[in-house]
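Have a look at work30.txt below; it lists compact mmCIF, C-alpha atoms.
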# COMPACT_ATOMS: atom_id res chain seq x y z
CA MET A 1 119.80 76.26 107.37
CA GLN A 2 117.37 78.70 108.93
CA GLU A 3 118.30 82.35 108.70
CA VAL A 4 119.20 84.10 111.92
CA ARG A 5 117.06 87.16 112.49
CA PRO A 6 118.08 89.91 114.91
CA LYS A 7 116.96 89.44 118.47
CA LYS A 8 115.11 92.06 120.45
CA SER A 9 117.70 94.41 121.91
CA LEU A 10 117.79 97.74 123.75
CA GLY A 11 114.10 97.42 124.57
CA GLN A 12 113.13 97.21 120.90
CA HIS A 13 110.07 95.40 119.58
CA PHE A 14 110.14 94.74 115.85
CA LEU A 15 107.15 95.97 113.85
CA THR A 16 105.67 93.27 111.60
CA ASP A 17 102.69 95.08 110.04
CA GLN A 18 103.68 96.29 106.57
CA ASN A 19 100.74 98.67 106.25
CA ILE A 20 101.73 100.51 109.41
CA ALA A 21 105.39 100.59 108.33
CA GLN A 22 104.45 102.15 105.01
CA ARG A 23 102.13 104.60 106.73
CA ILE A 24 104.95 105.75 109.03
CA VAL A 25 107.32 106.38 106.13
CA GLU A 26 104.60 108.30 104.26
CA GLN A 27 104.56 110.85 107.10
CA LEU A 28 107.95 112.22 105.99
CA SER A 29 107.68 115.65 104.41
CA PRO A 30 108.98 115.93 100.82
CA ASP A 31 111.11 118.98 101.61
CA VAL A 32 113.58 117.23 103.92
CA GLU A 33 117.08 117.05 102.45
CA SER A 34 118.42 114.09 104.44
CA VAL A 35 116.82 111.22 106.36
CA VAL A 36 118.39 109.23 109.20
CA GLU A 37 116.75 106.02 110.42
CA VAL A 38 117.48 105.05 114.02
CA GLY A 39 117.64 101.35 114.90
CA ALA A 40 116.45 99.70 111.69
CA GLY A 41 116.28 96.18 113.18
CA THR A 42 114.91 93.89 110.45
CA GLY A 43 114.39 96.76 108.03
CA VAL A 44 110.60 97.00 108.09
CA LEU A 45 110.82 100.78 107.60
CA THR A 46 114.09 100.59 105.68
CA GLN A 47 112.49 98.74 102.76
CA TYR A 48 110.20 101.70 102.06
CA LEU A 49 112.84 104.33 102.79
CA VAL A 50 115.20 102.70 100.29
CA LYS A 51 112.47 102.96 97.65
CA ASN A 52 111.51 106.53 98.46
CA VAL A 53 114.58 108.43 99.69
CA LEU A 54 117.71 106.34 99.02
CA ASP A 55 119.64 109.29 97.61
CA LYS A 56 119.38 111.15 100.95
CA PHE A 57 119.12 108.25 103.38
CA HIS A 58 121.37 106.82 106.14
CA VAL A 59 120.76 104.12 108.75
CA ILE A 60 122.36 104.14 112.21
CA GLU A 61 122.22 100.73 113.91
CA ILE A 62 124.09 99.61 117.03
CA ASP A 63 123.17 95.90 117.08
CA LYS A 64 125.65 93.66 115.25
CA GLU A 65 123.05 91.02 114.35
CA SER A 66 120.83 93.69 112.85
CA ILE A 67 123.79 95.10 110.92
CA ALA A 68 124.51 91.68 109.41
CA TYR A 69 120.85 91.20 108.54
CA LEU A 70 120.58 94.63 106.91
CA GLU A 71 123.80 94.16 104.94
CA LYS A 72 122.43 90.92 103.49
CA HIS A 73 118.93 92.15 102.69
CA PHE A 74 119.70 95.75 101.73
CA PRO A 75 123.08 95.69 99.97
CA VAL A 76 122.06 98.86 98.15
CA LEU A 77 122.68 100.75 101.41
CA GLY A 78 126.44 100.17 101.23
CA GLU A 79 128.21 102.88 103.22
CA ARG A 80 124.87 104.43 104.09
CA LEU A 81 124.51 101.76 106.77
CA ILE A 82 126.40 103.02 109.81
CA GLU A 83 127.23 100.82 112.80
CA GLY A 84 127.08 103.15 115.76
CA ASP A 85 125.19 104.65 118.66
CA PHE A 86 122.73 107.35 117.59
CA LEU A 87 122.99 108.94 121.02
CA ARG A 88 126.71 109.56 120.46
CA THR A 89 126.55 110.48 116.78
CA ASP A 90 127.26 113.92 115.34
CA LEU A 91 124.34 114.19 112.92
CA SER A 92 125.94 116.98 110.89
CA GLN A 93 127.95 114.34 108.99
CA PHE A 94 124.72 113.31 107.21
CA GLY A 95 123.69 116.76 106.05
CA LYS A 96 123.90 120.40 107.02
CA GLN A 97 120.21 121.33 107.09
CA ASN A 98 116.61 120.11 106.83
CA MET A 99 117.21 116.64 108.28
CA ALA A 100 114.50 114.17 109.28
CA VAL A 101 114.96 111.44 111.88
CA ILE A 102 112.71 108.39 111.65
CA GLY A 103 112.41 105.07 113.44
CA ASN A 104 110.59 102.52 115.53
CA PHE A 105 112.41 103.86 118.58
CA PRO A 106 113.48 101.46 121.35
CA TYR A 107 111.26 102.19 124.34
CA ASN A 108 114.02 102.35 126.93
CA ILE A 109 116.04 105.04 125.14
CA SER A 110 113.31 106.96 123.31
CA SER A 111 113.49 110.00 125.60
CA GLN A 112 117.27 110.07 125.10
CA ILE A 113 116.72 109.98 121.34
CA PHE A 114 114.53 113.10 121.58
CA PHE A 115 117.08 114.90 123.72
CA GLN A 116 119.72 114.03 121.10
CA VAL A 117 117.42 115.60 118.52
CA LEU A 118 117.21 118.73 120.69
CA LYS A 119 121.00 118.98 120.64
CA HIS A 120 120.78 119.10 116.85
CA LYS A 121 117.63 121.24 116.64
CA GLU A 122 119.21 123.63 114.15
CA LEU A 123 119.69 120.67 111.81
CA VAL A 124 116.76 118.34 112.51
CA VAL A 125 113.56 119.87 111.15
CA GLU A 126 111.41 116.77 111.49
CA VAL A 127 111.04 113.57 113.49
CA VAL A 128 108.65 110.73 112.71
CA GLY A 129 108.76 107.93 115.21
CA MET A 130 107.02 105.10 117.00
CA VAL A 131 107.20 105.31 120.78
CA GLN A 132 105.31 104.00 123.77
CA LYS A 133 101.79 105.46 123.76
CA GLU A 134 102.29 107.05 127.16
CA MET A 135 105.37 108.91 125.94
CA ALA A 136 103.61 110.09 122.80
CA GLU A 137 100.80 111.49 124.94
CA ARG A 138 103.31 113.29 127.17
CA MET A 139 105.12 114.84 124.23
CA ALA A 140 101.95 116.19 122.63
CA ALA A 141 100.21 117.21 125.89
CA LYS A 142 99.29 120.83 126.51
CA GLU A 143 99.36 122.73 129.78
CA GLY A 144 96.62 121.70 132.17
CA SER A 145 96.95 118.03 131.29
CA LYS A 146 98.11 115.45 133.80
CA THR A 147 100.51 114.09 131.19
CA TYR A 148 102.13 117.49 130.55
CA GLY A 149 105.71 117.45 131.83
CA ILE A 150 109.40 118.01 131.22
CA LEU A 151 109.49 116.43 127.77
CA SER A 152 106.33 118.31 126.73
CA VAL A 153 107.80 121.73 127.56
CA LEU A 154 111.35 121.17 126.31
CA MET A 155 110.27 119.64 122.99
CA GLN A 156 107.37 122.01 122.34
CA ALA A 157 109.65 124.99 122.85
CA TRP A 158 111.23 124.09 119.52
CA TYR A 159 108.85 121.67 117.75
CA ASP A 160 105.18 121.39 116.87
CA ILE A 161 104.15 117.87 117.90
CA ASP A 162 101.28 115.80 116.51
CA TYR A 163 100.04 112.52 117.93
CA LEU A 164 99.25 110.71 114.67
CA PHE A 165 97.83 107.30 115.54
CA THR A 166 97.85 104.47 118.07
CA VAL A 167 99.42 101.08 117.31
CA ASN A 168 98.26 97.87 118.97
CA GLU A 169 100.57 95.37 120.66
CA ASN A 170 99.83 92.50 118.27
CA VAL A 171 101.73 94.01 115.32
CA PHE A 172 105.12 93.58 117.04
CA ASN A 173 107.48 90.69 117.59
CA PRO A 174 107.68 90.16 120.49
CA PRO A 175 104.47 91.97 121.48
CA PRO A 176 105.12 94.70 124.06
CA LYS A 177 102.99 94.94 127.19
CA VAL A 178 101.83 98.42 126.26
CA LYS A 179 100.34 100.17 123.25
CA SER A 180 102.49 102.28 120.98
CA ALA A 181 101.88 105.44 119.00
CA VAL A 182 103.37 107.33 116.10
CA VAL A 183 104.25 111.00 116.55
CA LYS A 184 105.45 113.64 114.14
CA MET A 185 107.51 116.61 115.25
CA ARG A 186 108.10 119.56 112.96
CA ARG A 187 110.49 122.37 113.80
CA ASN A 188 108.63 125.57 114.65
CA ALA A 189 109.65 129.12 113.75
CA THR A 190 111.51 129.75 117.02
CA THR A 191 115.15 130.70 116.54
CA ASP A 192 115.74 132.08 120.03
CA LEU A 193 113.74 131.39 123.18
CA GLY A 194 114.47 134.87 124.45
CA CYS A 195 115.89 133.55 127.70
CA ASP A 196 118.90 131.73 129.11
CA GLU A 197 118.36 128.27 127.60
CA LYS A 198 120.37 126.40 130.23
CA LEU A 199 118.45 128.11 133.02
CA PHE A 200 115.18 127.40 131.17
CA VAL A 201 115.96 123.67 131.17
CA SER A 202 116.91 123.80 134.86
CA VAL A 203 113.70 125.63 135.79
CA VAL A 204 111.52 123.15 133.88
CA LYS A 205 113.23 120.10 135.33
CA GLN A 206 113.26 121.46 138.89
CA ALA A 207 109.57 122.37 138.68
CA PHE A 208 108.37 119.01 137.36
CA ASN A 209 110.63 116.95 139.60
CA GLN A 210 108.30 118.07 142.38
CA ARG A 211 105.17 118.50 140.30
CA ARG A 212 102.74 118.09 143.20
CA LYS A 213 104.16 121.19 144.86
CA THR A 214 103.48 124.78 143.91
CA MET A 215 106.14 126.54 141.86
CA ARG A 216 107.05 128.54 144.96
CA ASN A 217 108.03 125.40 146.86
CA SER A 218 109.63 123.47 144.03
CA LEU A 219 111.73 126.44 142.82
CA ARG A 220 112.45 128.00 146.20
CA PRO A 221 116.27 127.54 145.94
CA MET A 222 116.19 129.61 142.73
CA LEU A 223 113.99 132.43 143.99
CA SER A 224 115.01 135.77 145.47
CA PRO A 225 112.84 137.55 148.10
CA GLU A 226 111.60 140.23 145.70
CA ILE A 227 109.85 137.76 143.38
CA ILE A 228 108.82 134.91 145.66
CA GLY A 229 105.44 136.55 146.28
CA ASP A 230 104.55 136.70 142.55
CA GLU A 231 101.22 135.00 141.72
CA VAL A 232 102.83 132.66 139.19
CA PHE A 233 104.45 130.78 142.05
CA ASN A 234 101.01 129.79 143.39
CA LYS A 235 100.59 127.56 140.34
CA ARG A 236 101.75 124.01 139.79
CA PRO A 237 104.08 123.30 136.86
CA GLU A 238 101.48 121.60 134.65
CA GLN A 239 99.50 124.86 134.63
CA LEU A 240 102.24 126.84 132.89
CA SER A 241 102.57 127.12 129.11
CA VAL A 242 105.93 127.01 127.35
CA GLN A 243 105.88 130.81 127.07
CA GLU A 244 105.12 131.17 130.76
CA PHE A 245 108.13 129.00 131.58
CA ILE A 246 110.23 131.28 129.35
CA ASP A 247 108.87 134.36 131.12
CA LEU A 248 109.52 132.73 134.49
CA THR A 249 113.10 131.96 133.48
CA ASN A 250 113.65 135.61 132.61
CA LEU A 251 112.11 136.68 135.91
CA ILE A 252 114.46 134.41 137.85
CA SER A 253 117.46 135.45 135.76
CA ALA A 254 116.75 139.17 136.15
CA THR A 255 116.72 138.91 139.93
CA HIS A 256 119.84 136.73 140.06
CA GLY A 257 117.94 134.05 141.93
CA ALA A 258 119.42 131.15 139.99
CA PRO A 259 122.06 129.08 141.84

Write-out of the structure in structure tokens:
Amino acid sequence: MQEVRPKKSLGQHFLTDQNIAQRIVEQLSPDVESVVEVGAGTGVLTQYLVKNVLDKFHVIEIDKESIAYLEKHFPVLGERLIEGDFLRTDLSQFGKQNMAVIGNFPYNISSQIFFQVLKHKELVVEVVGMVQKEMAERMAAKEGSKTYGILSVLMQAWYDIDYLFTVNENVFNPPPKVKSAVVKMRRNATTDLGCDEKLFVSVVKQAFNQRRKTMRNSLRPMLSPEIIGDEVFNKRPEQLSVQEFIDLTNLISATHGAP
């Protein structure tokens, strides 16, 4: 009887190239104290994580077929294999500090995975993941780039992001229609942005939601008359660095222009 392998689910394409899988796992820094794999699928990364970091390793998988497959092929995981939704998981149960998150992230929820990491930024010091190439470029982009956007600013406020390498379509089953890339995020030294964080997020999102407009037009509902003439508002959002967005947030907050 032929073994049933997990089907593609949640937009996931299973990596089949062992060299790439091993290379991804090797990106983990030795100083992390716990490692959480997101969406293990058929265990192509899991097999190397079990060998390298079993004593500090957990897997979170939502797909029941994948759970069954992993239980059969990686019995050593035992209770370290968690059936659940990473996006709804309190990561503090797996460690209190210096956590790494790793995975071949499903394309259609990868941005949500990174926002979940942001919620746990005091805990998650590192992320190593495979994502769609376009998303990897956005995350690592600097101001002035056409790919610089919401995710770039919000993630780079707290993490240093490196675009490591590109992965071709033919190493997946089924092959995706786009190229993929591996990124590594490492928590930076920032402990406090020095501004209202909720307002900061609102400013960034509002600005990039109308990225073709100047900051003056896209943020007009937030601006008070005394600051609307400031030169910064002549710029478009992709021209502003993370620090400039922080300064702009403080400017808006100080003049009570936020809604």

Q | Interatomic distance (Å, one decimal) between atom CA of Phe200 of chain A and atom CA of Met155 of chain A | A | 12.3 Å

Per-residue nearest contacts segment 91-198 of chain A to segment 210-219 of chain A, cut-off 12 Å, using only C-alpha atoms, as a tab-separated table:
residue	atom	partner	partner_atom	distance
A:Lys146	CA	A:Arg211	CA	10.1
A:Thr147	CA	A:Arg211	CA	11.1
A:Tyr148	CA	A:Arg211	CA	10.3
A:Gly149	CA	A:Arg211	CA	8.6
A:Ile150	CA	A:Arg211	CA	10.0

Give me a file of those residues, with C-alpha atoms, as a CSV table (one decimal), keeping the file's coordinate frame.
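See again.csv below for the written result:
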chain,number,residue,atom,x,y,z
A,146,LYS,CA,98.1,115.4,133.8
A,147,THR,CA,100.5,114.1,131.2
A,148,TYR,CA,102.1,117.5,130.6
A,149,GLY,CA,105.7,117.4,131.8
A,150,ILE,CA,109.4,118.0,131.2

Q: Work out how far apart atom CA of Lys96 of chain A and atom CA of Leu28 of chain A are and give it in Å to one decimal.
A: 18.0 Å

(Q) One decimal, in Å: what's the spacing between atom CA of Pro225 of chain A and atom CA of Gly194 of chain A? (A)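 Value for the atom CA of Pro225 of chain A-atom CA of Gly194 of chain A distance: 23.9 Å.
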
Given 5 Å on each side, where is the centre and what are the edge lengths in Å to one decimal of the axis-aligned box enclosing the listed atoms of segment 208-221 of chain A, as lines of an AutoDock Vina configuration file?
center_x = 109.5
center_y = 122.7
center_z = 142.1
size_x = 23.5
size_y = 21.6
size_z = 19.5

**Q.** A:Val183, A:Ala136, A:Val232, A:Val53 ranked by distance to Gln27 of chain A, top pick (using all atoms listed in the file)
**A.**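 Checking each of A:Val183, A:Ala136, A:Val232, A:Val53 against Gln27 of chain A, counting all atoms listed in the file, the winner is A:Val183.
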
**Q.** Nearest residue to Lys142 of chain A from the set A:Gln47, A:Gln239, A:Ser92, A:Asn98 (distances using all atoms listed in the file)
**A.** A:Gln239

Q) Of the candidates A:Glu122, A:Val38, A:Asn170, A:Lys51, which one gets nearest to Ile109 of chain A if we count only C-alpha atoms? A)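 Using only C-alpha atoms, the shortest distance to Ile109 of chain A belongs to A:Val38.
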
Q: Tell me which protein, DNA and RNA residues are within 12 Å of Asp55 of chain A, counting only C-alpha atoms, leaving out same-chain ones fewer than 4 positions away, and put them as an MDAnalysis selection string.
A: chainID A and resid 32:36 49:51 76:78 80 94:95

Q) For Lys56 of chain A, which residue out of A:Ala100, A:Leu164, A:Ala68, A:Leu87 is the nearest one, using all atoms listed in the file? A)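 Going through A:Ala100, A:Leu164, A:Ala68, A:Leu87 one by one, the smallest distance to Lys56 of chain A is for A:Ala100.
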
Q: Just give me the residues with any atom within 12 Å of (103.0, 108.4, 105.8), file coordinates, counting all atoms listed in the file, written as a PyMOL selection string.
A: chain A and resi 19-30+45+48-49+52+102+128-129+164-165+182-184

Q | Proximity to Thr89 of chain A - best of A:Asp247, A:Asp17, A:Glu61, A:Glu134, all atoms listed in the file | A |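 Among the listed residues, A:Glu61 lies closest to Thr89 of chain A.
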
Q: Name the closest residue to His13 of chain A among the candidates A:Val131, A:Met222, A:Ile62, A:Met99; distances are taken between atoms, counting all atoms listed in the file.
A: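 Looking only at the distances to His13 of chain A, the closest residue turns out to be A:Val131.
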
Q) Skipping near chain neighbours, those fewer than 3 positions away, what residues fall within 8 Å of Asp63 of chain A using only C-alpha atoms, listed as number ranges by chain? A) A: 9, 41, 66-67, 83

Could you rebuild segment 173-184 of chain A with all heavy atoms and give it back as a CSV table (one decimal), in the frame of the given file?
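Written out: result02.csv:
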chain,number,residue,atom,x,y,z
A,173,ASN,N,106.9,91.9,117.2
A,173,ASN,CA,107.5,90.7,117.6
A,173,ASN,C,108.7,91.0,118.4
A,173,ASN,O,109.7,91.6,117.8
A,173,ASN,CB,107.8,89.8,116.4
A,173,ASN,CG,108.5,88.5,116.8
A,173,ASN,OD1,108.2,88.0,117.9
A,173,ASN,ND2,109.4,88.0,115.9
A,174,PRO,N,108.8,90.7,119.7
A,174,PRO,CA,107.7,90.2,120.5
A,174,PRO,C,106.7,91.3,120.8
A,174,PRO,O,107.1,92.5,120.8
A,174,PRO,CB,108.4,89.6,121.7
A,174,PRO,CG,109.6,90.5,121.9
A,174,PRO,CD,110.0,90.8,120.5
A,175,PRO,N,105.4,90.9,121.1
A,175,PRO,CA,104.5,92.0,121.5
A,175,PRO,C,104.9,92.7,122.8
A,175,PRO,O,105.2,92.0,123.8
A,175,PRO,CB,103.2,91.2,121.7
A,175,PRO,CG,103.4,89.9,121.0
A,175,PRO,CD,104.9,89.6,121.1
A,176,PRO,N,104.9,94.0,122.8
A,176,PRO,CA,105.1,94.7,124.1
A,176,PRO,C,103.9,94.6,125.0
A,176,PRO,O,102.8,94.2,124.6
A,176,PRO,CB,105.3,96.1,123.6
A,176,PRO,CG,104.5,96.2,122.4
A,176,PRO,CD,104.6,94.9,121.7
A,177,LYS,N,104.1,95.0,126.2
A,177,LYS,CA,103.0,94.9,127.2
A,177,LYS,C,102.1,96.2,127.2
A,177,LYS,O,101.2,96.3,127.9
A,177,LYS,CB,103.5,94.7,128.6
A,177,LYS,CG,104.2,93.3,128.7
A,177,LYS,CD,104.8,93.1,130.1
A,177,LYS,CE,105.5,91.8,130.3
A,177,LYS,NZ,106.0,91.6,131.6
A,178,VAL,N,102.5,97.1,126.3
A,178,VAL,CA,101.8,98.4,126.3
A,178,VAL,C,101.5,98.8,124.8
A,178,VAL,O,102.1,98.2,123.9
A,178,VAL,CB,102.7,99.6,126.9
A,178,VAL,CG1,102.9,99.3,128.4
A,178,VAL,CG2,104.0,99.7,126.2
A,179,LYS,N,100.6,99.7,124.6
A,179,LYS,CA,100.3,100.2,123.2
A,179,LYS,C,101.4,101.2,122.8
A,179,LYS,O,102.1,101.8,123.7
A,179,LYS,CB,99.0,100.8,123.2
A,179,LYS,CG,97.8,99.8,123.4
A,179,LYS,CD,96.5,100.5,123.1
A,179,LYS,CE,95.3,99.5,123.4
A,179,LYS,NZ,95.4,98.3,122.6
A,180,SER,N,101.5,101.3,121.5
A,180,SER,CA,102.5,102.3,121.0
A,180,SER,C,101.7,103.4,120.2
A,180,SER,O,100.5,103.3,120.0
A,180,SER,CB,103.5,101.5,120.1
A,180,SER,OG,104.2,100.5,120.8
A,181,ALA,N,102.5,104.4,119.8
A,181,ALA,CA,101.9,105.4,119.0
A,181,ALA,C,102.9,106.1,118.1
A,181,ALA,O,104.1,106.0,118.4
A,181,ALA,CB,101.3,106.5,119.9
A,182,VAL,N,102.5,106.6,117.0
A,182,VAL,CA,103.4,107.3,116.1
A,182,VAL,C,103.2,108.8,116.3
A,182,VAL,O,102.1,109.3,116.3
A,182,VAL,CB,103.1,106.9,114.6
A,182,VAL,CG1,104.0,107.7,113.7
A,182,VAL,CG2,103.4,105.4,114.5
A,183,VAL,N,104.3,109.5,116.4
A,183,VAL,CA,104.2,111.0,116.6
A,183,VAL,C,105.0,111.6,115.4
A,183,VAL,O,106.0,111.0,114.9
A,183,VAL,CB,104.8,111.5,117.9
A,183,VAL,CG1,104.0,111.0,119.1
A,183,VAL,CG2,106.3,111.0,118.1
A,184,LYS,N,104.7,112.8,115.1
A,184,LYS,CA,105.4,113.6,114.1
A,184,LYS,C,105.8,115.0,114.8
A,184,LYS,O,104.9,115.7,115.3
A,184,LYS,CB,104.7,113.8,112.8
A,184,LYS,CG,105.4,114.6,111.8
A,184,LYS,CD,104.7,114.7,110.5
A,184,LYS,CE,105.5,115.4,109.4
A,184,LYS,NZ,104.8,115.4,108.1
